[in-house]
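Data from data_14.txt: compact mmCIF, C-alpha atoms
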```
# COMPACT_ATOMS: atom_id res chain seq x y z
CA MET A 1 26.12 106.28 -61.48
CA HIS A 2 29.00 105.07 -63.45
CA GLU A 3 27.51 102.45 -65.69
CA LEU A 4 30.72 101.36 -67.44
CA ALA A 5 32.57 100.58 -64.20
CA VAL A 6 29.45 98.94 -62.84
CA THR A 7 29.07 96.76 -65.91
CA GLN A 8 32.72 95.72 -65.78
CA SER A 9 32.27 94.73 -62.18
CA ILE A 10 29.12 92.72 -62.91
CA LEU A 11 30.96 90.89 -65.69
CA GLU A 12 33.97 90.17 -63.49
CA ILE A 13 31.79 88.76 -60.70
CA SER A 14 29.69 86.69 -63.11
CA LEU A 15 32.66 85.17 -64.93
CA ARG A 16 34.38 84.32 -61.65
CA TYR A 17 31.37 82.43 -60.30
CA ALA A 18 30.62 80.77 -63.63
CA ASN A 19 34.18 79.53 -63.80
CA GLU A 20 33.99 78.12 -60.29
CA ALA A 21 30.73 76.38 -61.18
CA GLY A 22 32.26 74.89 -64.32
CA ALA A 23 29.77 76.62 -66.59
CA LYS A 24 30.20 76.70 -70.35
CA GLN A 25 27.76 79.52 -70.97
CA ILE A 26 26.11 82.22 -68.92
CA THR A 27 22.57 82.80 -70.13
CA GLY A 28 21.25 85.22 -67.54
CA ILE A 29 22.42 87.62 -64.85
CA ASN A 30 20.05 88.42 -62.01
CA LEU A 31 20.65 91.79 -60.42
CA VAL A 32 18.96 93.30 -57.42
CA ILE A 33 18.96 97.09 -57.54
CA GLY A 34 17.33 99.35 -55.00
CA GLU A 35 15.43 102.47 -55.94
CA PHE A 36 18.05 104.72 -54.29
CA ALA A 37 20.95 103.07 -56.12
CA SER A 38 20.64 105.07 -59.29
CA ILE A 39 21.56 103.12 -62.37
CA VAL A 40 20.24 103.14 -65.90
CA ASP A 41 19.27 99.63 -67.03
CA ASP A 42 19.59 100.36 -70.73
CA SER A 43 23.10 101.75 -70.34
CA VAL A 44 24.28 98.69 -68.47
CA GLN A 45 22.81 96.40 -71.13
CA PHE A 46 24.46 98.53 -73.81
CA TYR A 47 27.90 98.25 -72.21
CA TRP A 48 27.28 94.60 -71.48
CA ASP A 49 26.82 93.73 -75.13
CA THR A 50 30.27 95.15 -75.87
CA LEU A 51 32.16 94.04 -72.79
CA ALA A 52 30.85 90.47 -72.71
CA GLU A 53 31.67 89.83 -76.35
CA GLY A 54 34.03 86.89 -76.73
CA THR A 55 33.42 85.63 -73.19
CA ILE A 56 31.07 82.87 -72.02
CA ALA A 57 28.77 85.66 -70.89
CA GLN A 58 28.18 86.88 -74.43
CA GLY A 59 24.47 87.11 -75.12
CA ALA A 60 23.46 86.79 -71.49
CA ILE A 61 20.27 88.62 -70.59
CA LEU A 62 20.41 91.03 -67.69
CA HIS A 63 17.42 90.85 -65.37
CA PHE A 64 16.93 93.82 -63.06
CA GLU A 65 14.90 93.21 -59.94
CA ARG A 66 14.01 96.63 -58.63
CA ILE A 67 13.49 97.05 -54.90
CA SER A 68 11.17 99.89 -54.04
CA GLY A 69 12.54 102.44 -51.59
CA GLU A 70 11.28 102.37 -48.03
CA MET A 71 11.81 104.66 -45.09
CA THR A 72 11.07 104.03 -41.44
CA CYS A 73 10.30 106.78 -38.97
CA THR A 74 12.59 106.43 -35.96
CA ASN A 75 10.03 108.31 -33.89
CA CYS A 76 6.74 106.43 -34.47
CA LYS A 77 8.06 103.45 -36.49
CA THR A 78 5.78 104.18 -39.46
CA VAL A 79 7.07 102.58 -42.67
CA PHE A 80 6.48 104.64 -45.81
CA HIS A 81 7.57 105.35 -49.36
CA PRO A 82 9.06 108.84 -49.71
CA LYS A 83 7.55 111.26 -52.20
CA ASP A 84 10.06 113.24 -54.24
CA THR A 85 11.62 115.82 -51.96
CA ASP A 86 9.38 115.17 -48.97
CA PHE A 87 11.07 112.66 -46.72
CA SER A 88 9.18 113.53 -43.56
CA CYS A 89 7.04 110.91 -41.81
CA PRO A 90 3.45 110.99 -43.14
CA ASN A 91 2.14 109.98 -39.71
CA CYS A 92 3.92 112.23 -37.23
CA SER A 93 5.83 114.60 -39.59
CA SER A 94 9.12 113.72 -37.90
CA LEU A 95 12.29 114.25 -39.90
CA PHE A 96 14.12 111.50 -38.11
CA VAL A 97 13.66 108.79 -40.67
CA GLN A 98 15.93 106.05 -41.91
CA ILE A 99 16.21 104.38 -45.27
CA THR A 100 15.38 100.73 -44.62
CA LYS A 101 15.07 99.50 -48.20
CA GLY A 102 16.30 100.68 -51.57
CA ASP A 103 20.08 100.59 -51.11
CA GLU A 104 20.49 97.16 -52.70
CA PHE A 105 23.11 96.90 -55.41
CA ARG A 106 24.22 93.35 -56.00
CA VAL A 107 24.50 90.39 -58.30
CA ASP A 108 22.04 87.91 -56.87
CA SER A 109 22.62 84.90 -59.11
CA ILE A 110 23.52 83.83 -62.61
CA ASP A 111 21.87 81.29 -64.88
CA VAL A 112 24.41 78.99 -66.53
CA GLU A 113 24.61 76.00 -68.79
CA SER A 114 26.96 73.44 -67.33
CA LEU A 115 29.62 71.40 -69.05
CA GLU A 116 27.96 68.16 -67.91
CA THR A 117 25.20 68.58 -70.48
CA GLN A 118 27.58 68.24 -73.41
CA MET B 1 20.49 72.06 -68.65
CA THR B 2 20.36 75.51 -67.17
CA THR B 3 21.16 75.89 -63.52
CA ARG B 4 21.17 78.90 -61.26
CA VAL B 5 24.35 79.80 -59.41
CA PRO B 6 23.68 81.92 -56.33
CA ILE B 7 26.11 84.79 -55.87
CA VAL B 8 24.86 87.62 -53.68
CA GLU B 9 27.91 89.81 -54.12
CA ASN B 10 27.86 93.58 -54.06
CA ILE B 11 28.55 94.93 -57.51
CA LEU B 12 31.30 97.26 -56.33
CA ASN B 13 32.88 94.59 -54.14
CA ALA B 14 36.27 94.70 -55.87
CA ASN B 15 36.57 98.43 -55.28
CA ASP B 16 35.33 98.13 -51.70
CA HIS B 17 37.90 95.47 -50.97
CA LEU B 18 40.74 97.56 -52.34
CA ALA B 19 39.48 100.53 -50.32
CA GLU B 20 39.97 98.42 -47.19
CA VAL B 21 43.55 97.71 -48.25
CA ASN B 22 44.15 101.45 -48.68
CA ARG B 23 42.65 102.10 -45.26
CA ALA B 24 44.89 99.51 -43.63
CA ARG B 25 47.90 101.11 -45.23
CA LEU B 26 46.96 104.55 -43.92
CA ASP B 27 46.23 103.12 -40.48
CA ALA B 28 49.58 101.38 -40.33
CA ALA B 29 51.30 104.69 -41.05
CA GLY B 30 49.11 106.58 -38.56
CA VAL B 31 47.78 108.91 -41.25
CA PHE B 32 44.29 110.38 -40.95
CA SER B 33 42.66 110.96 -44.32
CA ILE B 34 39.66 112.77 -45.72
CA ASN B 35 37.94 112.50 -49.08
CA ILE B 36 36.66 115.90 -50.19
CA MET B 37 33.81 115.77 -52.66
CA ALA B 38 31.76 118.54 -54.26
CA SER B 39 30.40 119.78 -57.55
CA PRO B 40 32.82 121.62 -59.84
CA GLY B 41 33.34 125.16 -58.62
CA ALA B 42 32.10 124.62 -55.06
CA GLY B 43 35.53 125.51 -53.73
CA LYS B 44 37.35 122.26 -53.01
CA THR B 45 40.75 123.57 -54.03
CA SER B 46 40.09 126.98 -52.46
CA LEU B 47 39.21 125.38 -49.14
CA ILE B 48 42.34 123.24 -49.28
CA GLU B 49 44.40 126.33 -50.15
CA GLN B 50 43.02 128.16 -47.13
CA THR B 51 43.32 125.12 -44.86
CA LEU B 52 46.96 124.21 -45.56
CA PRO B 53 48.71 127.36 -44.28
CA ARG B 54 46.54 127.31 -41.15
CA LEU B 55 47.58 123.71 -40.39
CA LYS B 56 51.24 124.27 -41.15
CA GLU B 57 52.24 124.57 -37.50
CA ARG B 58 50.21 121.52 -36.51
CA PHE B 59 50.64 118.74 -39.06
CA ARG B 60 52.49 117.63 -42.13
CA VAL B 61 49.94 117.31 -44.89
CA ALA B 62 49.87 115.45 -48.19
CA VAL B 63 47.29 116.26 -50.87
CA VAL B 64 46.08 113.95 -53.62
CA ASP B 65 44.18 115.78 -56.35
CA GLY B 66 41.86 113.98 -58.71
CA ASP B 67 40.96 115.61 -61.99
CA ILE B 68 40.12 114.52 -65.47
CA ALA B 69 43.09 116.48 -66.81
CA THR B 70 45.75 119.07 -65.88
CA SER B 71 47.80 119.47 -62.70
CA ILE B 72 46.33 122.88 -61.82
CA ASP B 73 44.93 121.71 -58.48
CA ALA B 74 48.06 119.88 -57.28
CA ASP B 75 50.10 122.92 -58.25
CA ARG B 76 47.81 125.15 -56.20
CA ALA B 77 48.05 122.77 -53.22
CA ALA B 78 51.85 122.71 -53.44
CA GLN B 79 51.87 126.50 -53.67
CA ALA B 80 49.69 126.73 -50.58
CA GLY B 81 52.16 124.72 -48.55
CA ALA B 82 51.30 121.05 -48.94
CA ASP B 83 54.27 118.91 -47.89
CA ALA B 84 53.51 116.75 -50.93
CA ALA B 85 50.96 117.11 -53.72
CA ILE B 86 50.14 114.30 -56.11
CA GLN B 87 47.96 114.82 -59.15
CA VAL B 88 45.88 111.88 -60.34
CA ASN B 89 44.47 112.33 -63.82
CA THR B 90 41.55 109.99 -64.23
CA GLY B 91 41.71 110.10 -68.02
CA GLY B 92 38.04 110.90 -68.42
CA ASP B 93 36.61 109.12 -65.40
CA CYS B 94 34.28 111.26 -63.35
CA HIS B 95 35.44 110.04 -59.95
CA LEU B 96 38.43 108.66 -58.11
CA ASP B 97 38.32 105.01 -57.17
CA ALA B 98 40.31 102.82 -54.81
CA VAL B 99 42.74 101.75 -57.55
CA MET B 100 43.64 105.35 -58.32
CA LEU B 101 44.19 106.19 -54.67
CA ARG B 102 46.38 103.13 -54.29
CA GLY B 103 48.55 104.43 -57.14
CA ALA B 104 48.85 107.80 -55.42
CA LEU B 105 49.68 106.25 -52.02
CA GLU B 106 52.51 104.35 -53.66
CA GLN B 107 54.11 107.66 -54.60
CA LEU B 108 54.06 108.93 -51.01
CA ASP B 109 56.25 108.10 -48.05
CA LEU B 110 53.30 107.93 -45.66
CA SER B 111 55.48 107.94 -42.55
CA ARG B 112 56.19 111.61 -43.29
CA PHE B 113 52.58 112.78 -42.86
CA GLU B 114 49.83 113.04 -40.30
CA LEU B 115 47.05 114.13 -42.64
CA LEU B 116 46.14 113.14 -46.18
CA ILE B 117 43.62 115.28 -48.03
CA VAL B 118 42.13 113.68 -51.12
CA GLU B 119 40.36 116.06 -53.48
CA ASN B 120 37.93 114.07 -55.59
CA VAL B 121 36.79 114.93 -59.12
CA GLY B 122 34.11 117.63 -59.14
CA ASN B 123 30.89 115.63 -59.33
CA LEU B 124 27.93 115.09 -57.00
CA VAL B 125 27.00 111.62 -58.22
CA CYS B 126 29.69 109.03 -58.91
CA PRO B 127 32.25 109.76 -56.15
CA ALA B 128 29.61 108.82 -53.56
CA SER B 129 29.58 105.23 -54.80
CA PHE B 130 33.30 104.55 -54.93
CA LYS B 131 34.95 104.11 -51.56
CA LEU B 132 38.60 105.11 -51.46
CA GLY B 133 39.61 103.87 -48.03
CA THR B 134 39.82 107.35 -46.51
CA HIS B 135 38.63 107.74 -42.91
CA LYS B 136 36.07 110.49 -43.36
CA SER B 137 34.11 111.92 -46.26
CA VAL B 138 33.58 115.64 -46.51
CA LEU B 139 31.11 117.30 -48.85
CA ILE B 140 31.43 120.94 -49.81
CA ALA B 141 28.17 122.57 -50.78
CA SER B 142 28.26 126.18 -51.89
CA ILE B 143 25.65 128.90 -51.77
CA PRO B 144 25.51 129.68 -55.54
CA GLU B 145 24.75 126.03 -56.34
CA GLY B 146 21.28 126.51 -54.88
CA ASP B 147 19.38 125.20 -51.89
CA ASP B 148 17.83 122.18 -53.60
CA LYS B 149 21.00 120.10 -53.94
CA PRO B 150 20.36 117.73 -51.00
CA TYR B 151 17.07 116.77 -52.63
CA LYS B 152 18.61 116.26 -56.05
CA TYR B 153 21.75 114.44 -54.96
CA PRO B 154 20.63 112.42 -51.92
CA GLY B 155 23.27 109.71 -52.40
CA MET B 156 26.03 112.24 -51.89
CA TYR B 157 24.46 113.99 -48.93
CA ARG B 158 23.62 110.76 -47.14
CA GLY B 159 27.08 109.25 -47.03
CA VAL B 160 29.27 112.07 -45.72
CA ASP B 161 30.69 112.65 -42.24
CA ALA B 162 31.02 116.41 -42.53
CA LEU B 163 29.39 119.11 -44.62
CA VAL B 164 31.09 122.39 -45.43
CA VAL B 165 28.75 125.10 -46.70
CA ASN B 166 31.08 127.39 -48.58
CA LYS B 167 30.72 130.92 -49.96
CA ILE B 168 28.44 132.16 -47.17
CA ASP B 169 29.72 135.64 -48.02
CA LEU B 170 27.45 135.43 -51.08
CA LEU B 171 24.25 134.86 -49.06
CA PRO B 172 23.10 138.50 -49.39
CA TYR B 173 23.32 138.32 -53.19
CA VAL B 174 21.95 134.88 -54.06
CA PRO B 175 18.49 133.44 -53.47
CA PHE B 176 19.22 130.60 -51.06
CA ARG B 177 16.72 129.36 -48.47
CA MET B 178 18.96 128.07 -45.70
CA GLU B 179 16.01 126.45 -43.89
CA TYR B 180 14.99 124.48 -46.96
CA PHE B 181 18.59 123.39 -47.52
CA THR B 182 19.10 122.40 -43.87
CA HIS B 183 15.83 120.49 -43.86
CA GLY B 184 17.02 118.34 -46.75
CA VAL B 185 20.37 117.73 -45.09
CA GLU B 186 18.76 116.79 -41.77
CA VAL B 187 16.52 114.21 -43.38
CA LEU B 188 19.32 112.55 -45.30
CA ASN B 189 22.05 112.84 -42.72
CA PRO B 190 20.72 113.80 -39.29
CA GLY B 191 23.28 115.44 -37.03
CA VAL B 192 26.04 115.64 -39.66
CA ASN B 193 28.89 118.00 -38.67
CA THR B 194 28.17 121.18 -40.60
CA PHE B 195 30.58 124.06 -41.16
CA PRO B 196 29.20 127.19 -42.83
CA LEU B 197 32.19 129.22 -43.95
CA SER B 198 33.76 131.37 -46.59
CA ALA B 199 37.12 130.21 -47.87
CA LYS B 200 37.46 133.67 -49.37
CA THR B 201 36.91 135.85 -46.30
CA GLY B 202 38.00 133.25 -43.75
CA GLU B 203 34.73 133.50 -41.83
CA GLY B 204 33.87 130.19 -40.15
CA MET B 205 37.23 128.60 -40.94
CA ASP B 206 38.14 128.09 -37.29
CA ALA B 207 35.35 125.59 -36.57
CA TRP B 208 36.35 123.57 -39.64
CA LEU B 209 40.02 123.60 -38.66
CA ASP B 210 39.19 122.59 -35.09
CA TRP B 211 37.17 119.62 -36.30
CA LEU B 212 39.90 118.55 -38.68
CA THR B 213 42.54 118.92 -35.98
CA SER B 214 40.58 116.87 -33.48
CA GLN B 215 40.09 114.14 -36.09
CA VAL B 216 43.81 113.97 -36.84
CA LYS B 217 44.68 113.93 -33.15
CA SER B 218 42.24 111.15 -32.36
CA LYS B 219 44.03 109.05 -34.95
CA ARG B 220 47.47 109.39 -33.37
```
With the file now loaded, output its structure as structure tokens.
Amino acid sequence: MHELAVTQSILEISLRYANEAGAKQITGINLVIGEFASIVDDSVQFYWDTLAEGTIAQGAILHFERISGEMTCTNCKTVFHPKDTDFSCPNCSSLFVQITKGDEFRVDSIDVESLETQ
Amino acid sequence: MTTRVPIVENILNANDHLAEVNRARLDAAGVFSINIMASPGAGKTSLIEQTLPRLKERFRVAVVDGDIATSIDADRAAQAGADAAIQVNTGGDCHLDAVMLRGALEQLDLSRFELLIVENVGNLVCPASFKLGTHKSVLIASIPEGDDKPYKYPGMYRGVDALVVNKIDLLPYVPFRMEYFTHGVEVLNPGVNTFPLSAKTGEGMDAWLDWLTSQVKSKR
């Protein structure tokens, strides 16, 4: 994935919501990332430290909640976790399977310090 | 006091939104558009070169070429008969995004075309994540790349509407297990329109052109 563009987008979303909430400082960003949405945590944090500098998001900690991948067999409805290159259903060997979890790629919430506390 | 502000917004929301704007613009002009993605060297430009002259009697076609640098691809498209060819240099970025396509659309009088072909930057990872607003996504796989690519780049194989398997003329010379390849494709994208062909010899081109033609016609 493209970590720089992704990080810019996370920052833009976070600042927009923090501004609406009247926050004076963003202390944490809570991200939900599925197993199939490939992204390197360390790279995002690396870009973050540079991009967020001078904004109210400077120093915010990025929390990555990883959602394990899950497939569902459309034939026998078995729910399973795929192994490497074998995506076939472990129960009936069908190849008609759907990804039902693991696509998540969103900013779930941010932790902020509000102006009211000053 | 620390409080939590709920957001629940997709990280690439801004790009997705702009992609919808691009789509609306193409729809308003009655232009059908495809986003061609593939690894470098799979034959994106070659397929476009072979497609353009064969569509010449049917449609007016614009091509938008994404590359990190140079205008080689747009030049080749223009040479092959594109009614317009726009080069977008991404300046280092490994994919086109909706902002870049918007810039290219602004340079085109869309009312003059029925088909827009967008050639993405050669890459099997990033282009899959950035919607452009095009109507259909087409992936070109090629025989020399190897038969394991669906397994290694599932994100790309999952999201496309059509799959061209190029360079089938090389099958006798390259170890490529078609069954293993097809199995991976079927799992990720069951029933995807697949067009085995050779842009070099022309074998299999007709099925691809028929599909493309029917897509353009259904748009008008």
Could I get the residues of range 35-150 of chain B with an atom no further than 9 Å from an atom of range 164-180 of chain B, each paired with its nearest atom pair and that distance in Å to one decimal, using only C-alpha atoms, sorted by chain and residue number, as a tab-separated table?
```
residue	atom	partner	partner_atom	distance
B:Ala42	CA	B:Asn166	CA	7.1
B:Gly43	CA	B:Asn166	CA	7.1
B:Leu47	CA	B:Asn166	CA	8.4
B:Val138	CA	B:Val164	CA	7.3
B:Leu139	CA	B:Val164	CA	6.1
B:Ile140	CA	B:Val164	CA	4.6
B:Ala141	CA	B:Val165	CA	4.8
B:Ser142	CA	B:Asn166	CA	4.5
B:Ile143	CA	B:Lys167	CA	5.7
B:Pro144	CA	B:Val174	CA	6.5
B:Glu145	CA	B:Phe176	CA	8.9
B:Gly146	CA	B:Phe176	CA	6.0
B:Asp147	CA	B:Phe176	CA	5.5
B:Asp148	CA	B:Tyr180	CA	7.6
```
Tell me, counting all atoms listed in the file, for each residue of chain B within 12 Å of chain A, which pair of atoms is nearest and how far apart they are in Å to one decimal, in rows ordered by chain and increasing number, as CSV.
```
residue,atom,partner,partner_atom,distance
B:Met1,CA,A:Glu113,CA,5.7
B:Thr2,CA,A:Glu113,CA,4.6
B:Thr3,CA,A:Val112,CA,5.4
B:Arg4,CA,A:Asp111,CA,4.4
B:Val5,CA,A:Ile110,CA,5.2
B:Pro6,CA,A:Ser109,CA,4.2
B:Ile7,CA,A:Ser109,CA,4.8
B:Val8,CA,A:Asp108,CA,4.3
B:Glu9,CA,A:Val107,CA,5.4
B:Asn10,CA,A:Arg106,CA,4.1
B:Ile11,CA,A:Arg106,CA,4.9
B:Leu12,CA,A:Ser9,CA,6.4
B:Asn13,CA,A:Ser9,CA,8.1
B:Ala14,CA,A:Ser9,CA,7.5
B:Asn15,CA,A:Ser9,CA,8.9
B:Asp16,CA,A:Ser9,CA,11.4
B:Gly92,CA,A:His2,CA,11.8
B:Asp93,CA,A:His2,CA,8.8
B:Cys94,CA,A:His2,CA,8.1
B:His95,CA,A:His2,CA,8.9
B:Leu96,CA,A:His2,CA,11.4
B:Asp97,CA,A:Ala5,CA,10.1
B:Asn123,CA,A:Met1,CA,10.7
B:Leu124,CA,A:Met1,CA,10.0
B:Val125,CA,A:Met1,CA,6.3
B:Cys126,CA,A:Met1,CA,5.2
B:Pro127,CA,A:Met1,CA,8.8
B:Ala128,CA,A:Met1,CA,9.0
B:Ser129,CA,A:Met1,CA,7.6
B:Phe130,CA,A:His2,CA,9.6
B:Asp148,CA,A:Thr85,CA,9.0
B:Lys149,CA,A:Thr85,CA,10.5
B:Pro150,CA,A:Thr85,CA,9.0
B:Tyr151,CA,A:Thr85,CA,5.6
B:Lys152,CA,A:Thr85,CA,8.1
B:Tyr153,CA,A:Ser38,CA,10.4
B:Pro154,CA,A:Phe36,CA,8.5
B:Gly155,CA,A:Phe36,CA,7.5
B:Met156,CA,A:Phe36,CA,11.2
B:Arg158,CA,A:Ile99,CA,10.0
B:Gly159,CA,A:Asp103,CA,11.9
B:Tyr180,CA,A:Thr85,CA,10.6
B:Phe181,CA,A:Thr85,CA,11.2
B:Thr182,CA,A:Leu95,CA,11.3
B:His183,CA,A:Leu95,CA,8.2
B:Gly184,CA,A:Thr85,CA,7.9
B:Val185,CA,A:Leu95,CA,10.2
B:Glu186,CA,A:Leu95,CA,7.2
B:Val187,CA,A:Leu95,CA,5.5
B:Leu188,CA,A:Gln98,CA,8.1
B:Asn189,CA,A:Gln98,CA,9.2
B:Pro190,CA,A:Phe96,CA,7.1
B:Gly191,CA,A:Phe96,CA,10.0
```
Quick one, how far is CA of Lys56 in chain B from CA of Leu115 in chain B?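 If I compute the distance from CA of Lys56 in chain B to CA of Leu115 in chain B, I get 11.1 Å.
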Axis-aligned box over every listed atom of range 73-81 of chain A, padded by 6 Å per side: centre and edges in Å to one decimal, as lines of an AutoDock Vina configuration file?
```
center_x = 9.2
center_y = 105.4
center_z = -41.6
size_x = 18.8
size_y = 17.7
size_z = 27.5
```
Give me, please, the distance in Å between CA of Thr45 in chain B and CA of Phe195 in chain B, quoted to one decimal. 16.4 Å
